[in-house]
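Raw contents of query_18.txt, compact mmCIF, C-alpha atoms:
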# COMPACT_ATOMS: atom_id res chain seq x y z
CA MET A 15 1.53 79.41 93.68
CA ALA A 16 1.93 76.74 96.32
CA GLU A 17 -0.13 78.12 99.07
CA HIS A 18 0.70 76.20 102.22
CA GLY A 19 -2.84 76.26 103.47
CA HIS A 20 -2.32 73.02 105.37
CA VAL A 21 0.21 74.80 107.51
CA GLU A 22 -1.66 77.96 108.23
CA GLN A 23 -5.26 76.91 108.22
CA GLY A 24 -7.53 79.76 109.04
CA GLN A 25 -4.83 82.33 108.34
CA ALA A 26 -4.68 81.75 104.61
CA GLU A 27 -6.22 85.10 103.88
CA GLU A 28 -3.57 87.00 105.83
CA HIS A 29 -0.79 88.71 103.97
CA GLY A 30 2.47 86.73 103.70
CA SER A 31 0.85 83.34 103.56
CA SER A 32 1.86 82.61 99.96
CA ILE A 33 5.04 82.91 97.96
CA ALA A 34 3.36 85.36 95.60
CA ASP A 35 2.61 87.62 98.55
CA HIS A 36 6.28 87.71 99.39
CA LEU A 37 7.10 88.69 95.83
CA GLU A 38 5.00 91.84 95.95
CA TYR A 39 6.54 95.28 96.22
CA TRP A 40 5.52 98.10 98.43
CA THR A 41 4.21 100.22 95.60
CA TYR A 42 3.16 103.82 95.67
CA LYS A 43 1.02 104.73 92.67
CA PHE A 44 1.10 108.29 91.38
CA ASP A 45 -1.32 107.55 88.59
CA GLU A 46 -3.60 104.50 88.78
CA THR A 47 -4.10 104.33 85.02
CA ASN A 48 -0.44 104.50 84.00
CA PRO A 49 1.59 101.48 85.17
CA PHE A 50 4.80 103.46 84.71
CA MET A 51 3.77 106.16 87.16
CA GLN A 52 4.43 104.19 90.33
CA ILE A 53 7.42 103.73 92.57
CA HIS A 54 8.69 100.79 94.59
CA VAL A 55 9.11 102.35 98.00
CA ASP A 56 10.91 99.33 99.46
CA THR A 57 13.56 99.29 96.73
CA MET A 58 14.10 103.01 97.05
CA ILE A 59 14.36 102.84 100.85
CA VAL A 60 16.84 99.98 100.82
CA THR A 61 19.06 101.43 98.07
CA ALA A 62 18.99 104.87 99.68
CA THR A 63 19.90 103.29 103.02
CA ILE A 64 22.77 101.36 101.47
CA ALA A 65 23.92 104.46 99.62
CA MET A 66 23.83 106.56 102.77
CA MET A 67 25.66 103.87 104.73
CA LEU A 68 28.33 103.75 102.03
CA VAL A 69 28.68 107.51 102.03
CA GLY A 70 28.79 107.53 105.82
CA PHE A 71 31.42 104.82 105.75
CA ALA A 72 33.38 106.80 103.16
CA LEU A 73 33.22 109.94 105.30
CA TRP A 74 34.21 107.99 108.40
CA LEU A 75 37.10 106.31 106.60
CA ARG A 76 38.26 109.45 104.82
CA GLY A 77 39.51 111.04 108.02
CA LYS A 78 41.49 107.94 108.91
CA ILE A 79 43.15 107.16 105.61
CA ILE A 80 46.86 106.88 106.14
CA GLU A 81 49.67 106.41 103.68
CA GLY A 82 51.49 104.08 106.04
CA ALA A 83 50.64 100.43 106.63
CA PRO A 84 46.83 100.19 106.42
CA THR A 85 44.81 98.44 109.09
CA GLY A 86 41.26 97.27 109.58
CA ALA A 87 38.61 98.81 107.36
CA GLN A 88 41.09 100.72 105.22
CA ASN A 89 43.01 97.52 104.56
CA PHE A 90 39.83 95.72 103.53
CA VAL A 91 38.56 98.47 101.22
CA GLU A 92 42.05 98.88 99.77
CA SER A 93 42.12 95.21 98.83
CA VAL A 94 38.82 95.76 96.97
CA VAL A 95 40.20 98.89 95.27
CA ASP A 96 43.35 97.04 94.34
CA PHE A 97 41.32 94.17 92.90
CA ILE A 98 39.21 96.59 90.83
CA ASN A 99 42.32 98.47 89.67
CA THR A 100 43.94 95.23 88.54
CA THR A 101 40.80 94.21 86.64
CA VAL A 102 40.49 97.61 84.96
CA ASN A 103 44.19 97.85 84.09
CA ASP A 104 44.16 94.35 82.62
CA ASN A 105 41.25 95.20 80.31
CA PHE A 106 41.77 98.81 79.42
CA PRO A 107 43.95 99.92 76.51
CA VAL A 108 43.98 103.55 77.65
CA HIS A 109 43.69 105.30 80.99
CA ASN A 110 40.27 106.65 81.85
CA PRO A 111 39.85 107.98 85.40
CA ILE A 112 36.08 107.33 85.42
CA VAL A 113 36.14 103.60 84.81
CA ALA A 114 37.76 102.36 88.01
CA PRO A 115 35.48 104.34 90.39
CA LEU A 116 32.48 103.24 88.33
CA ALA A 117 33.49 99.59 88.49
CA PHE A 118 34.24 99.97 92.21
CA THR A 119 30.82 101.46 92.92
CA ILE A 120 29.03 98.81 90.85
CA PHE A 121 30.85 95.97 92.59
CA VAL A 122 30.41 97.27 96.13
CA PHE A 123 26.82 98.39 95.65
CA ILE A 124 25.59 95.18 94.00
CA LEU A 125 27.48 93.05 96.50
CA LEU A 126 25.90 94.88 99.43
CA CYS A 127 22.41 94.63 97.87
CA ASN A 128 22.87 90.91 97.24
CA THR A 129 24.20 90.33 100.74
CA ILE A 130 20.91 91.49 102.28
CA ASP A 131 19.61 88.13 101.14
CA ILE A 132 21.50 86.51 104.02
CA LEU A 133 18.74 87.74 106.32
CA PRO A 134 15.90 85.24 106.81
CA ALA A 135 13.47 85.40 103.92
CA TYR A 136 10.43 86.59 105.88
CA LEU A 137 12.19 88.68 108.53
CA ILE A 138 12.34 92.16 107.06
CA GLY A 139 9.06 91.67 105.20
CA ASN A 140 7.27 90.76 108.43
CA ILE A 141 8.90 93.58 110.39
CA ALA A 142 7.91 96.09 107.72
CA HIS A 143 4.44 94.60 107.60
CA ALA A 144 4.12 94.94 111.34
CA LEU A 145 5.15 98.58 111.01
CA GLY A 146 2.39 99.17 108.49
CA ALA A 147 3.96 98.66 105.08
CA PRO A 148 1.70 96.75 102.70
CA ALA A 149 4.63 94.64 101.44
CA PHE A 150 8.40 94.77 101.59
CA ARG A 151 11.07 93.25 99.32
CA PRO A 152 14.37 93.71 101.15
CA VAL A 153 16.77 92.84 98.31
CA PRO A 154 16.80 95.66 95.73
CA THR A 155 18.58 93.56 93.08
CA ASN A 156 15.44 91.40 93.01
CA ASP A 157 13.67 94.41 91.57
CA LEU A 158 14.31 94.64 87.82
CA ASN A 159 14.45 98.43 88.16
CA LEU A 160 17.82 98.43 89.89
CA PRO A 161 19.71 96.10 87.49
CA ALA A 162 18.04 97.82 84.54
CA ALA A 163 18.98 101.26 85.84
CA MET A 164 22.60 100.23 86.21
CA GLY A 165 22.67 98.35 82.91
CA VAL A 166 21.16 101.27 81.02
CA SER A 167 23.48 103.76 82.71
CA VAL A 168 26.47 101.67 81.67
CA PHE A 169 25.05 101.31 78.15
CA ILE A 170 24.59 105.05 77.81
CA LEU A 171 28.15 105.56 79.00
CA VAL A 172 29.37 103.01 76.43
CA LEU A 173 27.44 104.80 73.66
CA TYR A 174 28.82 108.12 74.84
CA TYR A 175 32.39 106.87 74.55
CA GLU A 176 31.72 105.16 71.22
CA PHE A 177 30.45 108.45 69.77
CA LYS A 178 33.06 110.57 71.48
CA LEU A 179 36.16 108.53 70.69
CA LYS A 180 35.39 107.14 67.21
CA PRO A 181 32.06 108.42 65.88
CA VAL A 182 32.72 107.71 62.20
CA HIS A 183 34.10 104.28 62.81
CA PHE A 184 31.20 103.37 65.11
CA MET A 185 28.51 104.50 62.64
CA LYS A 186 30.31 102.76 59.81
CA GLU A 187 30.49 99.57 61.82
CA LEU A 188 26.75 99.72 62.52
CA VAL A 189 25.88 99.48 58.83
CA MET A 190 28.96 97.77 57.35
CA GLU A 191 30.03 95.03 59.74
CA PRO A 192 29.96 92.09 59.53
CA PHE A 193 27.88 91.46 56.38
CA THR A 194 27.78 94.58 54.22
CA SER A 195 31.52 94.72 53.71
CA LEU A 196 31.47 91.15 52.38
CA VAL A 197 28.90 91.54 49.57
CA PRO A 198 29.47 93.12 46.15
CA ILE A 199 28.77 96.84 45.77
CA TYR A 200 25.35 96.49 44.08
CA LEU A 201 24.03 94.40 46.98
CA LYS A 202 25.20 96.79 49.68
CA PRO A 203 22.04 98.97 49.80
CA ILE A 204 19.93 95.86 50.38
CA VAL A 205 22.17 94.35 53.04
CA MET A 206 22.75 97.58 54.94
CA PRO A 207 19.35 97.75 56.74
CA ILE A 208 19.54 94.08 57.72
CA ASN A 209 23.02 94.64 59.03
CA LEU A 210 21.91 97.70 60.95
CA ILE A 211 19.03 95.84 62.59
CA LEU A 212 21.29 92.95 63.59
CA LYS A 213 23.84 95.36 64.94
CA LEU A 214 21.23 97.25 66.93
CA VAL A 215 19.99 93.97 68.41
CA GLU A 216 23.57 93.15 69.32
CA GLU A 217 24.05 96.51 71.03
CA ILE A 218 20.70 96.46 72.86
CA ALA A 219 21.41 92.92 74.04
CA LYS A 220 24.25 94.32 76.12
CA PRO A 221 22.21 96.24 78.73
CA LEU A 222 19.41 93.66 78.53
CA SER A 223 21.68 90.71 79.29
CA LEU A 224 23.57 92.73 81.87
CA SER A 225 20.48 93.64 83.86
CA PHE A 226 18.48 90.44 83.38
CA ARG A 227 21.41 88.25 84.36
CA LEU A 228 21.68 89.94 87.76
CA PHE A 229 17.93 90.23 88.22
CA GLY A 230 17.25 86.61 87.21
CA ASN A 231 19.92 85.16 89.45
CA MET A 232 18.87 87.12 92.51
CA PHE A 233 15.15 86.66 91.89
CA ALA A 234 15.51 82.90 91.45
CA GLY A 235 17.59 82.71 94.60
CA GLU A 236 14.91 84.56 96.53
CA VAL A 237 12.19 82.30 95.15
CA ILE A 238 14.15 79.23 96.21
CA PHE A 239 14.43 80.66 99.73
CA LEU A 240 10.67 81.17 99.77
CA LEU A 241 10.11 77.66 98.43
CA ILE A 242 12.33 76.14 101.10
CA ALA A 243 10.51 78.14 103.76
CA SER A 244 7.02 77.33 102.54
CA LEU A 245 7.67 73.65 101.91
CA LEU A 246 9.78 72.70 104.92
CA LEU A 247 9.26 75.18 107.72
CA VAL A 248 6.31 74.49 109.96
CA GLY A 249 3.72 77.11 110.63
CA SER A 250 2.67 76.59 114.22
CA PHE A 251 4.00 75.51 117.59
CA GLU A 252 1.69 72.46 117.72
CA GLU A 253 3.07 71.16 114.48
CA LEU A 254 6.65 71.70 115.68
CA MET A 255 5.94 69.33 118.55
CA THR A 256 5.19 66.43 116.20
CA VAL A 257 7.96 64.15 114.92
CA GLY A 258 7.30 64.98 111.29
CA GLY A 259 7.11 68.67 112.04
CA MET A 260 10.40 68.55 113.92
CA ILE A 261 12.18 66.70 111.10
CA SER A 262 10.72 69.09 108.54
CA GLU A 263 11.81 72.12 110.54
CA VAL A 264 15.39 70.83 110.97
CA MET A 265 15.55 69.93 107.28
CA GLY A 266 14.26 73.39 106.39
CA ILE A 267 16.89 75.11 108.50
CA LEU A 268 19.71 72.94 107.11
CA VAL A 269 18.63 73.30 103.49
CA GLY A 270 18.04 77.03 103.97
CA LEU A 271 21.51 77.37 105.48
CA ALA A 272 23.11 75.49 102.58
CA TRP A 273 21.25 77.62 100.05
CA SER A 274 22.25 80.75 101.99
CA PHE A 275 25.93 79.91 101.52
CA PHE A 276 25.41 79.14 97.87
CA HIS A 277 23.31 82.24 97.33
CA MET A 278 25.94 84.46 98.97
CA PHE A 279 28.45 83.00 96.56
CA ILE A 280 26.11 83.71 93.67
CA GLY A 281 25.68 87.28 94.93
CA LEU A 282 29.43 87.80 94.97
CA LEU A 283 29.76 86.20 91.56
CA GLN A 284 26.98 88.30 90.03
CA ALA A 285 28.48 91.50 91.45
CA PHE A 286 31.80 90.53 89.94
CA ILE A 287 30.23 89.61 86.58
CA PHE A 288 28.32 92.88 86.39
CA MET A 289 31.48 94.81 87.24
CA ILE A 290 33.73 93.00 84.80
CA LEU A 291 31.20 93.17 81.95
CA THR A 292 30.90 96.91 82.52
CA VAL A 293 34.67 97.21 82.26
CA VAL A 294 34.74 95.00 79.17
CA TYR A 295 31.96 96.92 77.37
CA LEU A 296 33.68 100.22 78.17
CA SER A 297 37.05 98.87 77.08
CA ILE A 298 35.53 97.78 73.75
CA ALA A 299 34.30 101.36 73.31
CA HIS A 300 37.83 102.58 74.11
CA GLN A 301 39.50 100.13 71.77
CA PRO A 302 41.50 102.12 69.19
CA VAL A 303 40.30 101.88 65.58
CA GLU A 304 42.04 99.15 63.61
CA HIS A 305 42.99 99.85 60.04
CA MET B 2 8.40 93.03 87.89
CA SER B 3 7.67 95.99 85.73
CA LEU B 4 9.74 99.02 84.91
CA ASP B 5 8.35 102.14 86.50
CA LEU B 6 9.49 105.33 88.17
CA THR B 7 11.74 103.23 90.41
CA PHE B 8 13.91 102.83 87.32
CA ILE B 9 14.47 106.59 87.12
CA GLY B 10 15.00 106.73 90.88
CA GLN B 11 17.56 103.95 90.71
CA ILE B 12 19.45 105.69 87.90
CA ILE B 13 19.63 108.81 90.07
CA VAL B 14 20.74 106.81 93.12
CA PHE B 15 23.30 104.90 91.08
CA LEU B 16 24.85 107.92 89.36
CA THR B 17 24.93 109.88 92.63
CA MET B 18 26.66 106.95 94.29
CA VAL B 19 29.20 106.69 91.50
CA PHE B 20 29.94 110.37 91.82
CA ILE B 21 30.10 110.52 95.62
CA LEU B 22 31.98 107.27 96.11
CA SER B 23 34.53 108.15 93.46
CA LYS B 24 35.13 111.49 95.20
CA LEU B 25 34.95 110.32 98.82
CA LEU B 26 36.12 106.74 98.84
CA TYR B 27 37.85 105.65 95.69
CA THR B 28 40.06 108.66 94.92
CA PRO B 29 41.44 109.21 98.44
CA LEU B 30 42.12 105.50 98.86
CA ASN B 31 43.69 105.24 95.44
CA ASP B 32 45.85 108.29 96.13
CA ALA B 33 46.92 106.88 99.47
CA MET B 34 47.72 103.56 97.82
CA SER B 35 49.76 105.05 95.01
CA ALA B 36 51.54 107.34 97.50
CA ARG B 37 52.35 104.28 99.56
CA THR B 38 53.55 102.40 96.50
CA GLN B 39 55.80 105.35 95.69
CA LYS B 40 57.03 105.49 99.27
CA ILE B 41 57.80 101.79 99.31
CA ALA B 42 59.61 102.05 95.99
CA ASP B 43 61.61 105.03 97.29
CA GLY B 44 62.37 103.20 100.52
CA LEU B 45 63.55 100.13 98.65
CA ALA B 46 65.69 102.27 96.37
CA ALA B 47 67.16 104.06 99.40
CA ALA B 48 67.82 100.75 101.11
CA GLU B 49 69.50 99.49 97.95
CA ALA B 50 71.59 102.68 97.74
CA GLY B 51 72.51 102.38 101.43
CA LYS B 52 73.50 98.76 100.93
CA SER B 53 75.71 99.58 97.98
CA ALA B 54 77.18 102.55 99.87
CA GLN B 55 77.97 100.25 102.77
CA ALA B 56 79.54 97.75 100.39
CA ASP B 57 81.60 100.55 98.88
CA ALA B 58 82.68 101.72 102.32
CA GLU B 59 83.60 98.18 103.31
CA ALA B 60 85.65 97.75 100.16
CA GLU B 61 87.31 101.11 100.83
CA VAL B 62 88.12 100.05 104.40
CA LYS B 63 89.58 96.80 103.11
CA VAL B 64 91.75 98.64 100.62
CA GLN B 65 92.92 101.06 103.31
CA ILE B 66 93.71 98.27 105.72
CA GLU B 67 95.62 96.51 102.98
CA GLU B 68 97.50 99.72 102.23
CA ALA B 69 98.27 100.31 105.90
CA LYS B 70 99.54 96.75 106.26
CA GLN B 71 101.76 97.19 103.25
CA LYS B 72 103.04 100.51 104.56
CA ALA B 73 103.79 98.99 107.95
CA GLN B 74 105.65 96.15 106.31
CA GLU B 75 107.60 98.62 104.27
CA ILE B 76 108.45 100.63 107.39
CA VAL B 77 109.54 97.51 109.25
CA ALA B 78 111.62 96.39 106.30
CA ALA B 79 113.23 99.81 105.99
CA ALA B 80 113.98 99.86 109.71
CA GLU B 81 115.53 96.41 109.51
CA ARG B 82 117.60 97.46 106.55
CA ARG B 83 118.69 100.63 108.33
CA ALA B 84 119.61 98.70 111.47
CA LEU B 85 121.65 96.30 109.39
CA GLU B 86 123.35 99.19 107.67
CA VAL B 87 124.07 100.91 110.96
CA SER B 88 125.54 97.78 112.50
CA GLU B 89 127.56 97.08 109.38
CA GLU B 90 128.82 100.64 109.40
CA ALA B 91 129.78 100.37 113.04
CA THR B 92 131.56 97.05 112.41
CA SER B 93 133.43 98.37 109.42
CA LYS B 94 134.33 101.55 111.26
CA ALA B 95 135.62 99.58 114.24
CA ARG B 96 137.61 97.36 111.91
CA HIS B 97 138.99 100.40 110.14
CA ASP B 98 139.93 102.05 113.43
CA GLY B 99 141.63 98.90 114.60
CA GLU B 100 143.57 98.69 111.39
CA LEU B 101 144.60 102.30 111.78
CA ILE B 102 145.73 101.70 115.34
CA ILE B 103 147.65 98.60 114.29
CA GLN B 104 149.25 100.48 111.44
CA SER B 105 150.29 103.41 113.54
CA ALA B 106 151.67 101.06 116.19
CA LYS B 107 153.62 99.22 113.49
CA GLU B 108 154.95 102.49 112.11
CA GLU B 109 156.01 103.56 115.54
CA ALA B 110 157.67 100.25 116.16
CA ASP B 111 159.38 100.48 112.77
CA ALA B 112 160.57 103.99 113.52
CA GLU B 113 161.92 102.90 116.92
CA GLU B 114 163.63 99.96 115.36
CA GLY B 115 165.28 102.22 112.75
CA LYS B 116 166.39 104.63 115.35
CA MET B 117 167.88 101.90 117.50
CA ARG B 118 169.58 100.33 114.50
CA GLN B 119 171.05 103.71 113.53
CA GLY B 120 172.32 104.27 117.08
CA LEU B 121 173.81 100.79 117.18
CA GLN B 122 175.49 101.23 113.82
CA LYS B 123 176.94 104.54 114.95
CA GLU B 124 178.25 102.95 118.13
CA VAL B 125 179.71 99.97 116.31
CA ALA B 126 181.36 102.32 113.79
CA SER B 127 182.84 104.49 116.48
CA LEU B 128 183.98 101.36 118.30
CA ALA B 129 185.62 100.05 115.10
CA VAL B 130 187.22 103.46 114.46
CA LEU B 131 188.40 103.49 118.00
CA ALA B 132 189.76 99.94 117.72
CA ALA B 133 191.41 100.78 114.40
CA GLU B 134 192.97 103.94 115.84
CA LYS B 135 194.31 101.91 118.71
CA ILE B 136 195.65 99.24 116.37
CA VAL B 137 197.29 101.82 114.19
CA GLU B 138 198.81 103.46 117.28
CA ALA B 139 200.17 100.10 118.44
CA GLU B 140 201.80 99.35 115.11
CA LEU B 141 203.58 102.54 115.48
CA ASP B 142 204.68 101.57 118.95
CA ALA B 143 205.11 97.77 119.16
CA ASN B 144 206.04 97.89 122.63
CA LYS B 145 203.08 99.37 123.72
CA HIS B 146 201.03 96.80 121.60
CA SER B 147 199.76 94.52 124.15
CA ALA B 148 199.32 97.16 126.66
CA LEU B 149 197.17 99.14 124.20
CA ILE B 150 194.87 96.31 123.34
CA GLU B 151 194.34 95.62 126.86
CA LYS B 152 193.54 99.21 127.44
CA VAL B 153 191.02 99.35 124.53
CA ILE B 154 189.32 96.26 125.74
CA ALA B 155 189.24 97.64 129.10
CA ASP B 156 187.84 100.89 127.79
CA GLY B 157 185.34 99.07 125.69
CA VAL B 158 184.21 96.98 128.54
CA SER B 159 184.12 99.93 130.76
CA ALA B 160 182.30 102.03 128.22

Please go through the file and, once you have read it, give me the structure as structure tokens.
Amino acid sequence: MAEHGHVEQGQAEEHGSSIADHLEYWTYKFDETNPFMQIHVDTMIVTATIAMMLVGFALWLRGKIIEGAPTGAQNFVESVVDFINTTVNDNFPVHNPIVAPLAFTIFVFILLCNTIDILPAYLIGNIAHALGAPAFRPVPTNDLNLPAAMGVSVFILVLYYEFKLKPVHFMKELVMEPFTSLVPIYLKPIVMPINLILKLVEEIAKPLSLSFRLFGNMFAGEVIFLLIASLLLVGSFEELMTVGGMISEVMGILVGLAWSFFHMFIGLLQAFIFMILTVVYLSIAHQPVEH
Amino acid sequence: MSLDLTFIGQIIVFLTMVFILSKLLYTPLNDAMSARTQKIADGLAAAEAGKSAQADAEAEVKVQIEEAKQKAQEIVAAAERRALEVSEEATSKARHDGELIIQSAKEEADAEEGKMRQGLQKEVASLAVLAAEKIVEAELDANKHSALIEKVIADGVSA
């Protein structure tokens, strides 16, 4: 990784001096030998904080909800709810009371997680480091665990509805569509396993693409922030006093600002995409069987 | 960048959030919104009903005013007709009375005239009888002829 040693000569060994350092998690290992038996404390702290803030907000708002003309926070949240309801109603053939709250939670939660990226790239990491944490990644959507958890949860829900609403049709589709139903009867036993494998790949691609899309976008955005910071921002007061250092610093701030706007837009877009794909996958599972 | 226990933790956080937010935030808001939608729809329907009721009332008022106008015209026309009738009656009655008066006056005059004529005739007849008596008397007594006539005339004049 591009270690900006020329900027921080003599401090190169310190934590936070390279991009790779900033991409490390605060990890707590339960079992040193098993890589699965560890937990990302930073991700858990941030998501739990966001969750508690959301619940607190919900409790605070709940007492003030009025049926008359809404104002302030209620008005804002209602516009989000209305937007989600419209999206769900446009896509869903039947009414399912779970889908809209699910989509609402996904949208709000991912959007809030992504919005943490508006804070300066090093800020929270450095604060946490000063408080004694070995490393801190403030944006939980940068951690594959969060997108994967949501993607897998949605996938399990989709499978649940597929098996609950049309089990026979779903199993039949796994082995018959799209190839097996096209070949003559004596070829069917041969084509069936191939069809099943392709179909399984197609199904598993859903949670994979869902989670990796969000993770990849947010991770790349974070890396670009770190690149801008490490390439353009100066490391010391002496260097800031030089002409080149001053120009570099101003450039860094301007470019960082521009990328911040763009990245916030990407965060909103990714939250929306995750939400709408969840609704679409669930609506496919709810689609009545065609004869 | 590896999956680990955080994955399980995140699933728990996510599902808990879905559950809590759907109970605490989404459902109350959605209920409030649908209640408001219902209220607005009811309000609009009520406003529409009120508007149509007002239109009905206005139409009713118009009809009543029209009826009242017509009635008033009828009353005025009837009164005019009655007045005309009354005046005509009075005129014809006066004319009738006048005619009666004239007739009775005429009859009276006629009766008076008849009476006078009868009296006159009687007088003339008695005069003629008287004159004839005198003439007949004188024929009988020629001598006394002239003296008689003179006497009759004198009587007649004196009478």

Neighbours of chain B in chain A at 6 Å, counting all atoms listed in the file, as number ranges by chain | A: 50-54, 72, 81, 115-116, 119, 159-160, 163

Quick one, how far is CA of Glu151 (chain B) from CA of Val130 (chain B)?
->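 Value for the CA of Glu151 (chain B)-CA of Val130 (chain B) distance: 16.3 Å.
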
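Shell of region 182-185 of chain A at 12 Å, with only C-alpha atoms counted and residues fewer than 3 places along the chain excluded, is Val172, Leu173, Tyr174, Tyr175, Glu176, Phe177, Lys178, Leu179, Leu188, Val189, Met190, Glu191, Met206, Asn209, Leu210, Lys213, Leu214, Glu217, Ile298, Ala299, His300, Gln301, Pro302, Val303, Glu304 and His305 of chain A.
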
Given 5 Å of margin on each side, can you work out the centre and size in Å (one decimal) of an axis-aligned box holding every listed atom of region 47-54 of chain B, as AutoDock Vina command-line options?
--center_x 72.2 --center_y 101.4 --center_z 99.6 --size_x 20.0 --size_y 15.3 --size_z 13.7

If we count all atoms listed in the file, what is near Asp157 (chain A) at a cut-off of 12 Å, once residues fewer than 6 positions away on the same chain are taken out, given as a PDB file with C-alpha atoms, in the frame of the given file?
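Wrote it out as selection_18.pdb, contents follow:
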ATOM      1  CA  LEU A  37       7.100  88.690  95.830  1.00  0.00           C
ATOM      2  CA  GLU A  38       5.000  91.840  95.950  1.00  0.00           C
ATOM      3  CA  TYR A  39       6.540  95.280  96.220  1.00  0.00           C
ATOM      4  CA  TRP A  40       5.520  98.100  98.430  1.00  0.00           C
ATOM      5  CA  THR A  41       4.210 100.220  95.600  1.00  0.00           C
ATOM      6  CA  ILE A  53       7.420 103.730  92.570  1.00  0.00           C
ATOM      7  CA  HIS A  54       8.690 100.790  94.590  1.00  0.00           C
ATOM      8  CA  VAL A  55       9.110 102.350  98.000  1.00  0.00           C
ATOM      9  CA  ASP A  56      10.910  99.330  99.460  1.00  0.00           C
ATOM     10  CA  THR A  57      13.560  99.290  96.730  1.00  0.00           C
ATOM     11  CA  MET A  58      14.100 103.010  97.050  1.00  0.00           C
ATOM     12  CA  VAL A  60      16.840  99.980 100.820  1.00  0.00           C
ATOM     13  CA  THR A  61      19.060 101.430  98.070  1.00  0.00           C
ATOM     14  CA  CYS A 127      22.410  94.630  97.870  1.00  0.00           C
ATOM     15  CA  ASN A 128      22.870  90.910  97.240  1.00  0.00           C
ATOM     16  CA  PHE A 150       8.400  94.770 101.590  1.00  0.00           C
ATOM     17  CA  ARG A 151      11.070  93.250  99.320  1.00  0.00           C
ATOM     18  CA  ALA A 163      18.980 101.260  85.840  1.00  0.00           C
ATOM     19  CA  MET A 164      22.600 100.230  86.210  1.00  0.00           C
ATOM     20  CA  SER A 225      20.480  93.640  83.860  1.00  0.00           C
ATOM     21  CA  PHE A 226      18.480  90.440  83.380  1.00  0.00           C
ATOM     22  CA  LEU A 228      21.680  89.940  87.760  1.00  0.00           C
ATOM     23  CA  PHE A 229      17.930  90.230  88.220  1.00  0.00           C
ATOM     24  CA  GLY A 230      17.250  86.610  87.210  1.00  0.00           C
ATOM     25  CA  ASN A 231      19.920  85.160  89.450  1.00  0.00           C
ATOM     26  CA  MET A 232      18.870  87.120  92.510  1.00  0.00           C
ATOM     27  CA  PHE A 233      15.150  86.660  91.890  1.00  0.00           C
ATOM     28  CA  ALA A 234      15.510  82.900  91.450  1.00  0.00           C
ATOM     29  CA  GLU A 236      14.910  84.560  96.530  1.00  0.00           C
TER      30      GLU A 236
ATOM     31  CA  MET B   2       8.400  93.030  87.890  1.00  0.00           C
ATOM     32  CA  SER B   3       7.670  95.990  85.730  1.00  0.00           C
ATOM     33  CA  LEU B   4       9.740  99.020  84.910  1.00  0.00           C
ATOM     34  CA  ASP B   5       8.350 102.140  86.500  1.00  0.00           C
ATOM     35  CA  THR B   7      11.740 103.230  90.410  1.00  0.00           C
ATOM     36  CA  PHE B   8      13.910 102.830  87.320  1.00  0.00           C
ATOM     37  CA  GLN B  11      17.560 103.950  90.710  1.00  0.00           C
TER      38      GLN B  11
END
